[in-house]
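Asks: Input query-v1.pdb, format and content: PDB, C-alpha atoms.
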```pdb
ATOM      1  CA  MET Q  14       0.000   0.000   0.000
ATOM      2  CA  LYS Q  15       1.219   3.486  -0.835
ATOM      3  CA  ALA Q  16       0.108   6.333   1.412
ATOM      4  CA  PHE Q  17       0.576  10.075   0.931
ATOM      5  CA  SER Q  18       0.138  13.198   3.033
ATOM      6  CA  GLY Q  19      -1.252  11.316   5.976
ATOM      7  CA  GLY Q  20       1.010   8.338   6.478
ATOM      8  CA  SER Q  21      -0.238   4.777   6.619
ATOM      9  CA  ARG Q  22      -3.630   3.878   8.049
ATOM     10  CA  PRO Q  23      -3.674   4.620  11.784
ATOM     11  CA  ASP Q  24      -5.445   1.327  12.518
ATOM     12  CA  GLY Q  25      -3.034  -0.675  10.397
ATOM     13  CA  ARG Q  26      -5.688  -1.830   7.911
ATOM     14  CA  ALA Q  27      -4.582  -2.585   4.389
ATOM     15  CA  PRO Q  28      -6.729  -1.930   1.338
ATOM     16  CA  SER Q  29      -9.090  -4.708   0.401
ATOM     17  CA  SER Q  30      -7.507  -7.411  -1.728
ATOM     18  CA  PRO Q  31      -8.888  -8.161  -5.199
ATOM     19  CA  SER Q  32     -10.540 -11.308  -3.850
ATOM     20  CA  THR Q  33     -12.841  -9.208  -1.651
ATOM     21  CA  PHE Q  34     -14.291  -7.238  -4.566
ATOM     22  CA  GLN Q  35     -17.444  -8.404  -6.297
ATOM     23  CA  SER Q  36     -17.484  -8.858 -10.039
ATOM     24  CA  TYR Q  37     -19.115  -6.288 -12.294
ATOM     25  CA  PHE Q  38     -20.360  -6.495 -15.863
ATOM     26  CA  PRO Q  39     -18.773  -6.567 -18.386
ATOM     27  CA  SER Q  40     -15.939  -8.838 -17.311
ATOM     28  CA  ALA Q  41     -13.544  -8.262 -20.227
ATOM     29  CA  THR Q  42     -10.865  -5.587 -20.230
ATOM     30  CA  ILE Q  43      -8.556  -4.494 -23.038
ATOM     31  CA  LYS Q  44      -5.928  -2.179 -21.569
ATOM     32  CA  CYS Q  45      -5.783  -3.328 -17.949
ATOM     33  CA  ALA Q  46      -2.377  -4.372 -16.638
ATOM     34  CA  GLY Q  47      -2.700  -7.202 -14.170
ATOM     35  CA  LEU Q  48      -5.828  -8.417 -12.432
ATOM     36  CA  PRO Q  49      -8.778  -5.994 -12.763
ATOM     37  CA  PHE Q  50     -10.847  -5.170  -9.698
ATOM     38  CA  TYR Q  51     -13.279  -2.412  -8.885
ATOM     39  CA  ARG Q  52     -14.583  -0.769  -5.742
ATOM     40  CA  SER Q  53     -17.981   0.081  -7.247
ATOM     41  CA  GLN Q  54     -20.127  -0.204 -10.368
ATOM     42  CA  ALA Q  55     -19.204   3.402 -11.141
ATOM     43  CA  ALA Q  56     -15.516   2.471 -11.108
ATOM     44  CA  ARG Q  57     -16.173  -0.479 -13.390
ATOM     45  CA  ASP Q  58     -18.123   1.748 -15.804
ATOM     46  CA  TYR Q  59     -15.326   4.312 -15.885
ATOM     47  CA  ALA Q  60     -12.847   1.542 -16.694
ATOM     48  CA  CYS Q  61     -14.998   0.777 -19.756
ATOM     49  CA  LEU Q  62     -14.360   4.333 -20.925
ATOM     50  CA  LEU Q  63     -10.622   3.911 -20.367
ATOM     51  CA  ASP Q  64     -10.614   0.789 -22.539
ATOM     52  CA  VAL Q  65     -12.121   2.622 -25.539
ATOM     53  CA  ASP Q  66     -10.106   5.827 -25.139
ATOM     54  CA  PRO Q  67      -7.459   5.859 -27.904
ATOM     55  CA  ALA Q  68      -5.272   8.167 -25.809
ATOM     56  CA  VAL Q  69      -5.024   5.630 -22.969
ATOM     57  CA  SER Q  70      -2.231   3.088 -23.359
ATOM     58  CA  VAL Q  71      -2.690   1.148 -20.109
ATOM     59  CA  TRP Q  72      -4.564   1.352 -16.813
ATOM     60  CA  GLU Q  73      -4.408  -0.661 -13.620
ATOM     61  CA  PRO Q  74      -6.226  -0.762 -10.285
ATOM     62  CA  SER Q  75      -4.538   1.351  -7.640
ATOM     63  CA  ASP Q  76      -4.070   0.994  -3.894
ATOM     64  CA  ILE Q  77      -2.584   4.480  -3.401
ATOM     65  CA  VAL Q  78      -4.058   6.199  -0.339
ATOM     66  CA  PHE Q  79      -4.317   9.941   0.195
ATOM     67  CA  SER Q  80      -5.242  11.576   3.493
ATOM     68  CA  ASN Q  81      -5.993  15.106   4.655
ATOM     69  CA  GLY Q  82      -5.393  14.163   8.274
ATOM     70  CA  LEU Q  83      -9.049  13.461   8.972
ATOM     71  CA  ASP Q  84     -10.239  11.389   6.048
ATOM     72  CA  GLU Q  85      -8.479   9.075   3.651
ATOM     73  CA  VAL Q  86      -9.271   7.892   0.154
ATOM     74  CA  VAL Q  87      -7.960   5.008  -1.924
ATOM     75  CA  VAL Q  88      -7.817   6.022  -5.569
ATOM     76  CA  ASP Q  89      -9.290   3.634  -8.129
ATOM     77  CA  PHE Q  90      -6.926   3.628 -11.102
ATOM     78  CA  ASP Q  91      -3.425   4.480 -12.248
ATOM     79  CA  VAL Q  92      -3.623   5.478 -15.922
ATOM     80  CA  SER Q  93      -0.931   5.973 -18.560
ATOM     81  CA  SER Q  94      -1.974   8.236 -21.417
ATOM     82  CA  ALA Q  95      -0.030   9.883 -24.229
ATOM     83  CA  GLY Q  96       3.307   9.650 -22.462
ATOM     84  CA  SER Q  97       2.056  10.856 -19.087
ATOM     85  CA  GLY Q  98       0.244   9.347 -16.149
ATOM     86  CA  PHE Q  99      -2.533  10.285 -13.773
ATOM     87  CA  LEU Q 100      -4.544   8.797 -10.940
ATOM     88  CA  VAL Q 101      -8.317   8.474 -10.953
ATOM     89  CA  LYS Q 102     -10.836   8.484  -8.130
ATOM     90  CA  VAL Q 103     -14.304   7.648  -9.410
ATOM     91  CA  ARG Q 104     -17.088   9.698  -7.871
ATOM     92  CA  GLU Q 105     -20.073   7.743  -6.590
ATOM     93  CA  GLY Q 106     -23.255   9.809  -6.659
ATOM     94  CA  GLU Q 107     -23.888  13.527  -6.802
ATOM     95  CA  LEU Q 108     -23.111  14.002  -3.104
ATOM     96  CA  PHE Q 109     -19.624  12.555  -3.436
ATOM     97  CA  VAL Q 110     -17.365  15.551  -2.790
ATOM     98  CA  LEU Q 111     -13.611  15.402  -2.214
ATOM     99  CA  ASP Q 112     -12.446  18.976  -2.581
ATOM    100  CA  TRP Q 113      -9.239  18.227  -0.739
ATOM    101  CA  LEU Q 114      -8.095  15.220  -2.777
ATOM    102  CA  VAL Q 115      -6.698  16.920  -5.886
ATOM    103  CA  PRO Q 116      -4.566  19.512  -4.048
ATOM    104  CA  VAL Q 117      -3.272  16.887  -1.606
ATOM    105  CA  ALA Q 118      -2.311  14.633  -4.511
ATOM    106  CA  GLN Q 119      -0.658  17.536  -6.343
ATOM    107  CA  LYS Q 120       1.371  18.347  -3.249
ATOM    108  CA  ALA Q 121       2.587  14.751  -3.276
ATOM    109  CA  GLY Q 122       3.557  15.086  -6.943
ATOM    110  CA  HIS Q 123       0.593  13.312  -8.527
ATOM    111  CA  ASP Q 124      -1.948  14.351 -11.131
ATOM    112  CA  CYS Q 125      -5.194  13.037  -9.621
ATOM    113  CA  ARG Q 126      -8.643  13.440 -11.128
ATOM    114  CA  VAL Q 127     -12.057  12.962  -9.532
ATOM    115  CA  VAL Q 128     -14.335  11.737 -12.316
ATOM    116  CA  SER Q 129     -17.684  10.139 -13.061
ATOM    117  CA  PRO Q 130     -18.633   7.849 -15.967
ATOM    118  CA  TYR Q 131     -22.105   9.366 -15.890
ATOM    119  CA  ASP Q 132     -21.192  12.954 -16.766
ATOM    120  CA  PRO Q 133     -23.407  14.381 -19.543
ATOM    121  CA  GLU Q 134     -20.486  14.670 -21.957
ATOM    122  CA  SER Q 135     -20.090  10.889 -21.887
ATOM    123  CA  GLY Q 136     -23.195  10.705 -24.090
ATOM    124  CA  TRP Q 137     -23.579   7.327 -25.767
ATOM    125  CA  ARG Q 138     -19.947   6.390 -25.217
ATOM    126  CA  LEU Q 139     -20.481   4.436 -21.996
ATOM    127  CA  LYS Q 140     -23.350   2.349 -23.374
ATOM    128  CA  ASN Q 141     -21.434   1.620 -26.555
ATOM    129  CA  ALA Q 142     -18.289   0.751 -24.615
ATOM    130  CA  ARG Q 143     -20.222  -1.662 -22.399
ATOM    131  CA  ASP Q 144     -21.844  -3.260 -25.461
ATOM    132  CA  LEU Q 145     -18.485  -3.735 -27.165
ATOM    133  CA  LEU Q 146     -16.735  -5.117 -24.082
ATOM    134  CA  ARG Q 147     -19.303  -7.902 -23.907
ATOM    135  CA  TYR Q 148     -17.145  -9.368 -26.708
ATOM    136  CA  GLY Q 149     -13.760  -8.394 -25.308
ATOM    137  CA  HIS Q 150     -12.640 -12.016 -24.858
ATOM    138  CA  PHE Q 151     -13.665 -13.058 -28.380
ATOM    139  CA  ASP Q 152     -10.950 -14.616 -30.554
ATOM    140  CA  ILE Q 153     -11.107 -13.226 -34.090
ATOM    141  CA  ALA Q 154     -10.718 -15.713 -36.938
ATOM    142  CA  LEU Q 155      -7.788 -14.801 -39.186
ATOM    143  CA  GLY Q 156      -9.832 -15.208 -42.353
ATOM    144  CA  ASP Q 157     -12.566 -12.884 -41.114
ATOM    145  CA  ARG Q 158     -10.016 -10.276 -40.084
ATOM    146  CA  ILE Q 159      -8.303 -10.364 -43.476
ATOM    147  CA  ARG Q 160     -11.576 -10.223 -45.422
ATOM    148  CA  LEU Q 161     -12.931  -7.309 -43.400
ATOM    149  CA  LEU Q 162      -9.716  -5.284 -43.522
ATOM    150  CA  ALA Q 163      -9.403  -5.901 -47.267
ATOM    151  CA  ALA Q 164     -13.003  -4.812 -47.885
ATOM    152  CA  LEU Q 165     -12.478  -1.619 -45.909
ATOM    153  CA  ALA Q 166      -9.190  -0.912 -47.673
ATOM    154  CA  GLU Q 167     -11.033  -1.108 -50.977
ATOM    155  CA  MET Q 168     -14.216   0.759 -49.994
ATOM    156  CA  GLY Q 169     -12.853   3.248 -47.477
ATOM    157  CA  SER Q 170     -15.779   2.692 -45.128
ATOM    158  CA  LEU Q 171     -18.736   0.351 -44.672
ATOM    159  CA  THR Q 172     -21.808   0.388 -42.511
ATOM    160  CA  MET Q 173     -22.030  -2.053 -39.645
ATOM    161  CA  ALA Q 174     -24.649  -4.022 -41.594
ATOM    162  CA  GLU Q 175     -22.331  -4.280 -44.602
ATOM    163  CA  CYS Q 176     -19.491  -5.463 -42.353
ATOM    164  CA  LEU Q 177     -21.699  -8.242 -41.004
ATOM    165  CA  SER Q 178     -22.052  -9.708 -44.501
ATOM    166  CA  VAL Q 179     -18.250  -9.865 -44.925
ATOM    167  CA  VAL Q 180     -17.663 -12.025 -41.838
ATOM    168  CA  ARG Q 181     -18.085 -15.723 -42.665
ATOM    169  CA  GLU Q 182     -16.204 -17.918 -40.212
ATOM    170  CA  ARG Q 183     -17.358 -16.857 -36.760
ATOM    171  CA  ASN Q 184     -19.911 -14.685 -34.945
ATOM    172  CA  ALA Q 185     -20.097 -11.518 -37.044
ATOM    173  CA  VAL Q 186     -21.119  -9.057 -34.301
ATOM    174  CA  ALA Q 187     -18.481 -10.411 -31.919
ATOM    175  CA  THR Q 188     -15.836 -10.242 -34.652
ATOM    176  CA  ILE Q 189     -16.545  -6.594 -35.464
ATOM    177  CA  ALA Q 190     -16.767  -5.603 -31.793
ATOM    178  CA  SER Q 191     -13.472  -7.291 -30.969
ATOM    179  CA  MET Q 192     -11.748  -5.666 -33.936
ATOM    180  CA  ILE Q 193     -12.965  -2.257 -32.762
ATOM    181  CA  LEU Q 194     -11.730  -2.919 -29.230
ATOM    182  CA  HIS Q 195      -8.317  -4.126 -30.410
ATOM    183  CA  GLY Q 196      -7.649  -1.178 -32.686
ATOM    184  CA  TYR Q 197      -8.282  -2.619 -36.151
ATOM    185  CA  LEU Q 198     -11.505  -0.689 -36.793
ATOM    186  CA  GLU Q 199     -12.987   2.583 -35.620
ATOM    187  CA  VAL Q 200     -16.532   3.848 -35.164
ATOM    188  CA  ASP Q 201     -18.006   6.997 -33.660
ATOM    189  CA  LEU Q 202     -18.967   6.008 -30.122
ATOM    190  CA  ASP Q 203     -20.568   9.370 -29.353
ATOM    191  CA  GLU Q 204     -23.100  10.049 -32.100
ATOM    192  CA  GLY Q 205     -25.645   7.431 -31.019
ATOM    193  CA  PRO Q 206     -26.091   3.753 -30.167
ATOM    194  CA  LEU Q 207     -24.181   1.371 -32.396
ATOM    195  CA  GLY Q 208     -26.496   0.022 -35.081
ATOM    196  CA  PRO Q 209     -26.735  -1.167 -38.689
ATOM    197  CA  GLU Q 210     -26.080   2.322 -40.113
ATOM    198  CA  THR Q 211     -23.011   2.988 -37.961
ATOM    199  CA  VAL Q 212     -20.046   3.793 -40.222
ATOM    200  CA  VAL Q 213     -16.986   1.565 -39.779
ATOM    201  CA  ARG Q 214     -13.500   2.508 -40.927
ATOM    202  CA  ARG Q 215     -10.178   0.765 -40.920
ATOM    203  CA  ILE Q 216      -7.417   2.071 -38.634
ATOM    204  CA  GLU Q 217      -4.076   2.169 -40.423
ATOM    205  CA  ARG Q 218      -1.517   0.360 -38.285
TER
END
```
Can you present the structure in this file as structure tokens?

Replies:
Amino acid sequence: MKAFSGGSRPDGRAPSSPSTFQSYFPSATIKCAGLPFYRSQAARDYACLLDVDPAVSVWEPSDIVFSNGLDEVVVDFDVSSAGSGFLVKVREGELFVLDWLVPVAQKAGHDCRVVSPYDPESGWRLKNARDLLRYGHFDIALGDRIRLLAALAEMGSLTMAECLSVVRERNAVATIASMILHGYLEVDLDEGPLGPETVVRRIER
């Protein structure tokens, strides 16, 4: 356990181990380093957003503790993004206020952000991320991947419905979702729910 600006826990308690955390849907992760665990459904939902954020390279659960001398908080995630890193504490509910956390973390030399996956600007992104991550463990057939990438290279873009007709070997929806999650394809996750008219493009690697 790492503790800042308040020392270790006065009662000697350690943060809960991963085995004490309940599981949350969806179970798959894409960019998590190590064993994923979450302190709340809100934290799990925010991790979905991290997995579909192209700027995020890796995230992992955190056991870093900050204290203001009276209260202490364990942050949820340690995130690496675009060559820099920051810590995340996920806000649970509208009454969740930690005005002291960010300045205490900054004093200790950390960029720490208090966030919520349910902010209005998230739009459709969270729902779409959760829908895609349902297929995060899916193994893409090589033939389907080649056919779909070749079709997109030729056409420039296809609708989701058109992509479905290209996939022949395995589950078409799962194949497309997994290829989006693993950086082969891109879609707009913010304009609306993913559907047959959603435009799919190839990501040049």

Asks: Quick one: distance from atom CA of Q:Gly136 to atom CA of Q:Asp66 in Å, one decimal?

Replies: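 Atom CA of Q:Asp66 lies 14.0 Å from atom CA of Q:Gly136.
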
Asks: Let me make sure I understand: among Q:Asp64, Q:Glu105, Q:Glu73, Q:Asp124, which one has the smallest atom-to-atom distance to Q:Phe90 if we use only C-alpha atoms?

Replies: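 Looking only at the distances to Q:Phe90, the closest residue turns out to be Q:Glu73.
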
Asks: Would you list the contacts of Q:Leu202 as a ChimeraX atom specification, taking every protein, DNA or RNA residue within 8 Å and counting only C-alpha atoms, but skipping same-chain residues closer than 2 positions in sequence?

Replies: /Q:137-138,141-142,200,204-207

Asks: Residues within 10 Å of Q:Asn184, please, as an mmCIF file with C-alpha atoms, in the frame of the given file. Count only C-alpha atoms; anything in the same chain fewer than 4 positions from it doesn't count.

Replies:
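Written out: part27.cif:
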```cif
data_model
loop_
_atom_site.group_PDB
_atom_site.id
_atom_site.type_symbol
_atom_site.label_atom_id
_atom_site.label_comp_id
_atom_site.auth_asym_id
_atom_site.auth_seq_id
_atom_site.Cartn_x
_atom_site.Cartn_y
_atom_site.Cartn_z
ATOM 1 C CA PHE Q 151 -13.665 -13.058 -28.380
ATOM 2 C CA ASP Q 152 -10.950 -14.616 -30.554
ATOM 3 C CA ILE Q 153 -11.107 -13.226 -34.090
ATOM 4 C CA ALA Q 154 -10.718 -15.713 -36.938
ATOM 5 C CA ASP Q 157 -12.566 -12.884 -41.114
ATOM 6 C CA LEU Q 177 -21.699 -8.242 -41.004
ATOM 7 C CA VAL Q 180 -17.663 -12.025 -41.838
ATOM 8 C CA THR Q 188 -15.836 -10.242 -34.652
ATOM 9 C CA ILE Q 189 -16.545 -6.594 -35.464
#
```

Asks: Could you write out as a VMD selection string the residues that the PyMOL selection byres ((chain Q and resi 171) around 9) matches in the shown file?

Replies: chain Q and resid 164 to 165 168 to 170 172 to 176 210 to 214

Asks: Record the distance separating atom CA of Q:Glu167 and atom CA of Q:Ala187, expressed in Å with one decimal.

Replies: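 If I compute the distance from atom CA of Q:Glu167 to atom CA of Q:Ala187, I get 22.5 Å.
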
Asks: Could you state the separation of atom CA of Q:Gly47 and atom CA of Q:Trp72 in Å, given to one decimal place?

Replies: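 If I compute the distance from atom CA of Q:Gly47 to atom CA of Q:Trp72, I get 9.1 Å.
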
Asks: For each of Q:Asp132, Q:Glu182, Q:Glu217, Q:Glu85, take the minimum atom-to-atom distance to Q:Gly156, counting only C-alpha atoms, then give the residue where this is smallest.

Replies: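 Closest to Q:Gly156 of all the choices is Q:Glu182.
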
Asks: Give me the residues near stretch 96-100 of chain Q as a list of chain:residue names, where near means some atom within 8 Å (using only C-alpha atoms) and where sequence neighbours in that chain fewer than 6 positions away do not count.

Replies: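 The filter keeps Q:Val88, Q:Asp89, Q:Phe90, Q:His123, Q:Asp124, Q:Cys125, Q:Arg126.
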
Asks: Once the PyMOL selection byres ((chain Q and resi 84) around 10) has been evaluated on this model, what residues remain selected, and can you format them as a list in words?

Replies: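 Applied to this file, the PyMOL selection byres ((chain Q and resi 84) around 10) returns Gly19, Phe79, Ser80, Asn81, Gly82, Leu83, Glu85, Val86, Leu111, Trp113 and Leu114 of chain Q.
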
Asks: Please write the residues from the selection above to a file, keeping C-alpha atoms, as a tab-separated table (two decimals), in the frame of the given file.

Replies:
```
chain	number	residue	atom	x	y	z
Q	19	GLY	CA	-1.25	11.32	5.98
Q	79	PHE	CA	-4.32	9.94	0.20
Q	80	SER	CA	-5.24	11.58	3.49
Q	81	ASN	CA	-5.99	15.11	4.66
Q	82	GLY	CA	-5.39	14.16	8.27
Q	83	LEU	CA	-9.05	13.46	8.97
Q	85	GLU	CA	-8.48	9.07	3.65
Q	86	VAL	CA	-9.27	7.89	0.15
Q	111	LEU	CA	-13.61	15.40	-2.21
Q	113	TRP	CA	-9.24	18.23	-0.74
Q	114	LEU	CA	-8.10	15.22	-2.78
```

Asks: Given the choices Q:Cys45, Q:Gly208, Q:Ser93, Q:Ser53, which gets closest to Q:Pro74 if the distance is worked out from only C-alpha atoms?

Replies: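 The closest residue to Q:Pro74 is Q:Cys45.
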
Asks: Which one of Q:Glu134, Q:Tyr197, Q:Ile159, Q:Val78 sits closest to Q:Val117 if you count all atoms listed in the file?

Replies: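 Between Q:Glu134, Q:Tyr197, Q:Ile159, Q:Val78, the residue approaching Q:Val117 most closely is Q:Val78.
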
Asks: Set up a box along x, y and z of the file covering all listed atoms of stretch 114-119 of chain Q, add 3 Å on every one of the six sides, and write the centre and edge lengths in Å to one decimal, as lines of an AutoDock Vina configuration file.

Replies:
```
center_x = -4.4
center_y = 17.1
center_z = -4.0
size_x = 13.4
size_y = 10.9
size_z = 10.7
```

Asks: Residues proximal to (-13.7, 2.5, -10.7) were defined as those with any atom within 10 Å of that point in the file's coordinates, counting only C-alpha atoms. Which are they, as an MDAnalysis selection string?

Replies: chainID Q and resid 50:61 74:75 88:90 101:105 128:130

Asks: Might you spell out which residues the PyMOL selection byres ((chain Q and resi 40) around 9) would select in the displayed file, as JSON, numbers by chain?

Replies: {"Q": [36, 37, 38, 39, 41, 42, 49, 146, 147, 149, 150]}

Asks: Using only C-alpha atoms, find the one residue out of Q:Leu48, Q:Leu63, Q:Arg218, Q:Asp76 that sits nearest to Q:Ser135.

Replies: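 With only C-alpha atoms as the atom set, the closest residue is Q:Leu63.
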